[in-house]
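So the structure is just underneath, and the comments pick up after that.
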Amino acid sequence: MSRGELDFRENRLQWHVMPHSILLLITELRLGGAEQVVYDLALGLDRARFLPLVAALDGRGVFADRLRAANQEVVDLRSPTILHLGAIGRLRRVLRELRPALVHTHLIHASVVGRLAARPLGIPTVASWHIQERRFRPWHFWLDRWTARWCAREVCVSRAVQRFQQERTRLPEAHFRVVPNGLDLRRFASLPSRQDLRAALGVPAAALVLGALGRVDRQK
């Protein structure tokens, strides 16, 4: 492998003896919800049962840095757009070397590349859908439908996302599964109580408080 791609020789034996090695493939690792899910999966999977590896078409970004800081290997396929078809060949070389039990893809570009790369090797793939894609992207749904034959299941984070994806792709309902995203509640253990937070904000105890959090982006 060329410089910039991981040399897996030291980890080859570990991967081949681990029955549940999983490649988590995503389009990019910049700040975002799907990227957070991949980060949580990579670091939260039980290492006694699963051995995760993260790969991204564009392996730059805040979550790539965080994963590497946590000693989680990240493969950068150096293909920031789906038009860089070299990603299929590079990913296929990684898959041929590691032979993971499963490729778990996130976002449409990574899903298409993952399916095309894994198909000749007989490695199963599953895909996760995180949003209802309401931007004008008809080719997203066409590509999903065209490559769905090489995807064992498509996992949606909610029933609404599942209905939306099924309607747009016209794939059968049995092809989808709904699995809500999990949260590690330990990260909230040190937060102040509701009473203390209301007092700090000067909010009366009987007042109704609503909050919303999201990135400032046209899609949101």
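All residue names refer to the structure tokens as shown: chains lettered A, B, ... in order, residues numbered from 1 in each chain, ligands numbered from 1 in order.
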Show me a table, sorted first by chain and then by increasing residue number, of the residues of segment 25-84 of chain A having an atom at most 7 Å from segment 96-118 of chain A, each with its shortest atom pair and the distance in Å to one decimal, counting only C-alpha atoms and written as a tab-separated table.
residue	atom	partner	partner_atom	distance
A:Leu25	CA	A:Thr105	CA	4.7
A:Ile26	CA	A:His106	CA	4.8
A:Thr27	CA	A:Ala110	CA	4.8
A:Ala34	CA	A:His106	CA	6.9
A:Leu57	CA	A:Ala110	CA	6.7
A:Ile82	CA	A:His109	CA	5.7
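Taking the backbone of this structure through DSSP, the residues of segment 46-81 of chain A that come out as alpha helix (DSSP H) are A:Val62, A:Phe63, A:Ala64, A:Asp65, A:Arg66, A:Leu67, A:Arg68, A:Ala69.
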| request: Considering only C-alpha atoms, return as a PyMOL selection string whatever protein or nucleic-acid residues lie within 12 Å of Asn181 of chain A, sequence-local ones (same chain, fewer than 4 positions apart) excluded. | output: chain A and resi 33-34+36-38+40-41+128-131+155-158
| query | Can you list, as a PyMOL selection string, every protein, DNA or RNA residue that comes within 12 Å of Arg149 of chain A when you count only C-alpha atoms, leaving out same-chain residues fewer than 6 positions away? | reply | chain A and resi 112+115-116+119+124-126+143+171-172+175
With N, CA and C atoms kept, could you save the residues just selected as a PDB file, in the first residue's frame?
ATOM      1  N   VAL A 112     -22.520   3.356  -1.735  1.00  0.00           N
ATOM      2  CA  VAL A 112     -22.332   2.887  -3.112  1.00  0.00           C
ATOM      3  C   VAL A 112     -20.931   2.323  -3.302  1.00  0.00           C
ATOM      4  N   ARG A 115     -20.549  -1.066  -1.435  1.00  0.00           N
ATOM      5  CA  ARG A 115     -21.228  -2.193  -2.087  1.00  0.00           C
ATOM      6  C   ARG A 115     -20.459  -2.660  -3.319  1.00  0.00           C
ATOM      7  N   LEU A 116     -19.996  -1.714  -4.140  1.00  0.00           N
ATOM      8  CA  LEU A 116     -19.275  -2.082  -5.349  1.00  0.00           C
ATOM      9  C   LEU A 116     -17.931  -2.726  -5.033  1.00  0.00           C
ATOM     10  N   ARG A 119     -18.743  -6.434  -3.213  1.00  0.00           N
ATOM     11  CA  ARG A 119     -19.513  -7.437  -3.963  1.00  0.00           C
ATOM     12  C   ARG A 119     -18.633  -8.542  -4.544  1.00  0.00           C
ATOM     13  N   PRO A 124     -20.505  -9.271   2.992  1.00  0.00           N
ATOM     14  CA  PRO A 124     -21.816  -8.635   3.120  1.00  0.00           C
ATOM     15  C   PRO A 124     -21.697  -7.188   3.584  1.00  0.00           C
ATOM     16  N   THR A 125     -22.680  -6.390   3.195  1.00  0.00           N
ATOM     17  CA  THR A 125     -22.743  -4.997   3.638  1.00  0.00           C
ATOM     18  C   THR A 125     -24.122  -4.696   4.200  1.00  0.00           C
ATOM     19  N   VAL A 126     -24.155  -3.776   5.144  1.00  0.00           N
ATOM     20  CA  VAL A 126     -25.395  -3.152   5.595  1.00  0.00           C
ATOM     21  C   VAL A 126     -25.172  -1.650   5.544  1.00  0.00           C
ATOM     22  N   LEU A 143     -29.207   5.535  -7.083  1.00  0.00           N
ATOM     23  CA  LEU A 143     -28.005   4.747  -6.794  1.00  0.00           C
ATOM     24  C   LEU A 143     -28.254   3.737  -5.680  1.00  0.00           C
ATOM     25  N   LEU A 171     -38.002   0.321  -2.704  1.00  0.00           N
ATOM     26  CA  LEU A 171     -37.511  -0.987  -2.278  1.00  0.00           C
ATOM     27  C   LEU A 171     -38.524  -1.618  -1.323  1.00  0.00           C
ATOM     28  N   PRO A 172     -38.564  -2.937  -1.223  1.00  0.00           N
ATOM     29  CA  PRO A 172     -39.561  -3.581  -0.356  1.00  0.00           C
ATOM     30  C   PRO A 172     -39.327  -3.280   1.117  1.00  0.00           C
ATOM     31  N   HIS A 175     -36.674  -5.023   3.235  1.00  0.00           N
ATOM     32  CA  HIS A 175     -35.265  -4.670   3.044  1.00  0.00           C
ATOM     33  C   HIS A 175     -34.759  -3.740   4.146  1.00  0.00           C
TER      34      HIS A 175
END
| said: List the spatial neighbours of segment 205-218 of chain A as a ChimeraX atom specification - criterion: any atom at most 12 Å away, only C-alpha atoms, same-chain residues fewer than 3 positions off excluded. | reply: /A:31-33,134-135,194-202
Just the selected residues (N, CA, C and O atoms), exported as a PDB file, in the first residue's frame, please.
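Wrote out-v7.pdb, looks like this:
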ATOM      1  N   LEU A  31     -17.524  17.375  11.189  1.00  0.00           N
ATOM      2  CA  LEU A  31     -18.519  17.467  12.245  1.00  0.00           C
ATOM      3  C   LEU A  31     -19.903  17.193  11.695  1.00  0.00           C
ATOM      4  O   LEU A  31     -20.355  17.845  10.753  1.00  0.00           O
ATOM      5  N   GLY A  32     -20.606  16.214  12.262  1.00  0.00           N
ATOM      6  CA  GLY A  32     -21.942  15.868  11.812  1.00  0.00           C
ATOM      7  C   GLY A  32     -22.506  14.713  12.614  1.00  0.00           C
ATOM      8  O   GLY A  32     -21.778  14.016  13.334  1.00  0.00           O
ATOM      9  N   GLY A  33     -23.809  14.486  12.469  1.00  0.00           N
ATOM     10  CA  GLY A  33     -24.482  13.463  13.256  1.00  0.00           C
ATOM     11  C   GLY A  33     -24.073  12.050  12.886  1.00  0.00           C
ATOM     12  O   GLY A  33     -23.802  11.212  13.748  1.00  0.00           O
ATOM     13  N   ARG A 134     -33.984  15.636   1.994  1.00  0.00           N
ATOM     14  CA  ARG A 134     -34.979  16.451   1.304  1.00  0.00           C
ATOM     15  C   ARG A 134     -34.368  17.460   0.341  1.00  0.00           C
ATOM     16  O   ARG A 134     -35.091  18.207  -0.317  1.00  0.00           O
ATOM     17  N   ARG A 135     -33.042  17.505   0.253  1.00  0.00           N
ATOM     18  CA  ARG A 135     -32.441  18.290  -0.812  1.00  0.00           C
ATOM     19  C   ARG A 135     -32.719  17.591  -2.143  1.00  0.00           C
ATOM     20  O   ARG A 135     -33.031  16.409  -2.183  1.00  0.00           O
ATOM     21  N   ARG A 194     -31.816  19.547  37.246  1.00  0.00           N
ATOM     22  CA  ARG A 194     -32.741  20.490  36.626  1.00  0.00           C
ATOM     23  C   ARG A 194     -32.951  21.709  37.513  1.00  0.00           C
ATOM     24  O   ARG A 194     -33.003  22.841  37.041  1.00  0.00           O
ATOM     25  N   GLN A 195     -33.083  21.451  38.809  1.00  0.00           N
ATOM     26  CA  GLN A 195     -33.315  22.554  39.738  1.00  0.00           C
ATOM     27  C   GLN A 195     -32.129  23.520  39.753  1.00  0.00           C
ATOM     28  O   GLN A 195     -32.299  24.750  39.712  1.00  0.00           O
ATOM     29  N   ASP A 196     -30.916  22.970  39.787  1.00  0.00           N
ATOM     30  CA  ASP A 196     -29.723  23.826  39.805  1.00  0.00           C
ATOM     31  C   ASP A 196     -29.577  24.585  38.495  1.00  0.00           C
ATOM     32  O   ASP A 196     -29.171  25.761  38.487  1.00  0.00           O
ATOM     33  N   LEU A 197     -29.902  23.931  37.389  1.00  0.00           N
ATOM     34  CA  LEU A 197     -29.778  24.591  36.090  1.00  0.00           C
ATOM     35  C   LEU A 197     -30.800  25.718  35.954  1.00  0.00           C
ATOM     36  O   LEU A 197     -30.481  26.808  35.464  1.00  0.00           O
ATOM     37  N   ARG A 198     -32.027  25.488  36.407  1.00  0.00           N
ATOM     38  CA  ARG A 198     -33.034  26.550  36.386  1.00  0.00           C
ATOM     39  C   ARG A 198     -32.602  27.726  37.238  1.00  0.00           C
ATOM     40  O   ARG A 198     -32.758  28.895  36.850  1.00  0.00           O
ATOM     41  N   ALA A 199     -32.035  27.426  38.403  1.00  0.00           N
ATOM     42  CA  ALA A 199     -31.586  28.495  39.289  1.00  0.00           C
ATOM     43  C   ALA A 199     -30.459  29.301  38.642  1.00  0.00           C
ATOM     44  O   ALA A 199     -30.428  30.534  38.719  1.00  0.00           O
ATOM     45  N   ALA A 200     -29.528  28.606  37.969  1.00  0.00           N
ATOM     46  CA  ALA A 200     -28.403  29.292  37.333  1.00  0.00           C
ATOM     47  C   ALA A 200     -28.864  30.176  36.178  1.00  0.00           C
ATOM     48  O   ALA A 200     -28.287  31.236  35.921  1.00  0.00           O
ATOM     49  N   LEU A 201     -29.933  29.749  35.479  1.00  0.00           N
ATOM     50  CA  LEU A 201     -30.448  30.516  34.349  1.00  0.00           C
ATOM     51  C   LEU A 201     -31.503  31.537  34.770  1.00  0.00           C
ATOM     52  O   LEU A 201     -31.967  32.326  33.948  1.00  0.00           O
ATOM     53  N   GLY A 202     -31.892  31.507  36.030  1.00  0.00           N
ATOM     54  CA  GLY A 202     -32.917  32.422  36.497  1.00  0.00           C
ATOM     55  C   GLY A 202     -34.295  32.080  35.983  1.00  0.00           C
ATOM     56  O   GLY A 202     -35.137  32.968  35.787  1.00  0.00           O
TER      57      GLY A 202
END
| query | Please, which residues of chain A, numbered as in this document, come out strand (DSSP E) from DSSP, as number ranges by chain? | reply | A: 21-28, 51-58, 74-76, 102-106, 125-129, 153-156, 176-178
| query | So what do you get for atom CA of His20 of chain A versus atom CA of Leu91 of chain A, distance-wise? | reply |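 So the two atoms, atom CA of His20 of chain A and atom CA of Leu91 of chain A, lie 18.8 Å apart.
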| said: Let me make sure I understand: among A:Thr147, A:Glu154, A:Ile22, A:Phe176, which one has the smallest atom-to-atom distance to Phe50 of chain A if we use only C-alpha atoms? | reply: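 Closest residue, counting only C-alpha atoms: A:Ile22.
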| message | Using Å and a single decimal, report how far atom CA of Gly44 of chain A sits from atom CA of Leu29 of chain A. | response |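 Result for atom CA of Leu29 of chain A versus atom CA of Gly44 of chain A: 17.0 Å, one decimal.
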| task | Tell me, as a PyMOL selection string, which residues lie within 8 Å of Arg60 of chain A, counting only C-alpha atoms; anything in the same chain fewer than 4 positions away does not count. | result | chain A and resi 28-30+64-65+76
Export, as a JSON list (two decimals), in the first residue's frame, the selected residues with all heavy atoms.
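Contents of again.json, freshly written:
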[["chain", "number", "residue", "atom", "x", "y", "z"],
["A", 28, "GLU", "N", -17.35, 10.98, 4.97],
["A", 28, "GLU", "CA", -16.36, 11.90, 5.51],
["A", 28, "GLU", "C", -16.44, 11.87, 7.03],
["A", 28, "GLU", "O", -17.34, 11.24, 7.61],
["A", 28, "GLU", "CB", -16.60, 13.32, 5.01],
["A", 28, "GLU", "CG", -17.96, 13.89, 5.41],
["A", 28, "GLU", "CD", -18.19, 15.29, 4.86],
["A", 28, "GLU", "OE1", -17.60, 15.62, 3.81],
["A", 28, "GLU", "OE2", -18.95, 16.05, 5.47],
["A", 29, "LEU", "N", -15.49, 12.54, 7.67],
["A", 29, "LEU", "CA", -15.42, 12.52, 9.13],
["A", 29, "LEU", "C", -15.37, 13.93, 9.72],
["A", 29, "LEU", "O", -14.81, 14.15, 10.79],
["A", 29, "LEU", "CB", -14.21, 11.70, 9.60],
["A", 29, "LEU", "CG", -14.41, 10.18, 9.47],
["A", 29, "LEU", "CD1", -13.08, 9.45, 9.60],
["A", 29, "LEU", "CD2", -15.41, 9.67, 10.50],
["A", 30, "ARG", "N", -15.99, 14.87, 9.00],
["A", 30, "ARG", "CA", -16.13, 16.21, 9.55],
["A", 30, "ARG", "C", -17.26, 16.22, 10.58],
["A", 30, "ARG", "O", -17.92, 15.21, 10.80],
["A", 30, "ARG", "CB", -16.37, 17.22, 8.43],
["A", 30, "ARG", "CG", -15.18, 17.35, 7.49],
["A", 30, "ARG", "CD", -15.44, 18.37, 6.39],
["A", 30, "ARG", "NE", -14.24, 18.65, 5.63],
["A", 30, "ARG", "CZ", -13.83, 17.92, 4.59],
["A", 30, "ARG", "NH1", -14.54, 16.89, 4.20],
["A", 30, "ARG", "NH2", -12.72, 18.23, 3.94],
["A", 64, "ALA", "N", -12.05, 12.34, 12.53],
["A", 64, "ALA", "CA", -10.86, 11.57, 12.18],
["A", 64, "ALA", "C", -9.75, 11.83, 13.19],
["A", 64, "ALA", "O", -9.07, 10.90, 13.65],
["A", 64, "ALA", "CB", -10.40, 11.93, 10.77],
["A", 65, "ASP", "N", -9.59, 13.09, 13.56],
["A", 65, "ASP", "CA", -8.56, 13.45, 14.55],
["A", 65, "ASP", "C", -8.87, 12.82, 15.90],
["A", 65, "ASP", "O", -7.98, 12.32, 16.59],
["A", 65, "ASP", "CB", -8.46, 14.97, 14.68],
["A", 65, "ASP", "CG", -8.00, 15.64, 13.39],
["A", 65, "ASP", "OD1", -7.36, 14.95, 12.56],
["A", 65, "ASP", "OD2", -8.28, 16.83, 13.22],
["A", 76, "ASP", "N", -7.88, 6.51, 5.17],
["A", 76, "ASP", "CA", -8.29, 7.63, 4.32],
["A", 76, "ASP", "C", -8.21, 7.16, 2.86],
["A", 76, "ASP", "O", -7.11, 6.94, 2.33],
["A", 76, "ASP", "CB", -7.37, 8.82, 4.56],
["A", 76, "ASP", "CG", -7.79, 10.05, 3.77],
["A", 76, "ASP", "OD1", -8.81, 10.00, 3.05],
["A", 76, "ASP", "OD2", -7.09, 11.07, 3.85]]
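With only C-alpha atoms as the atoms that count, the minimum distance from Leu95 of chain A to the choices A:Arg163, A:Leu23, A:Arg68, A:Tyr39 is reached by A:Leu23.
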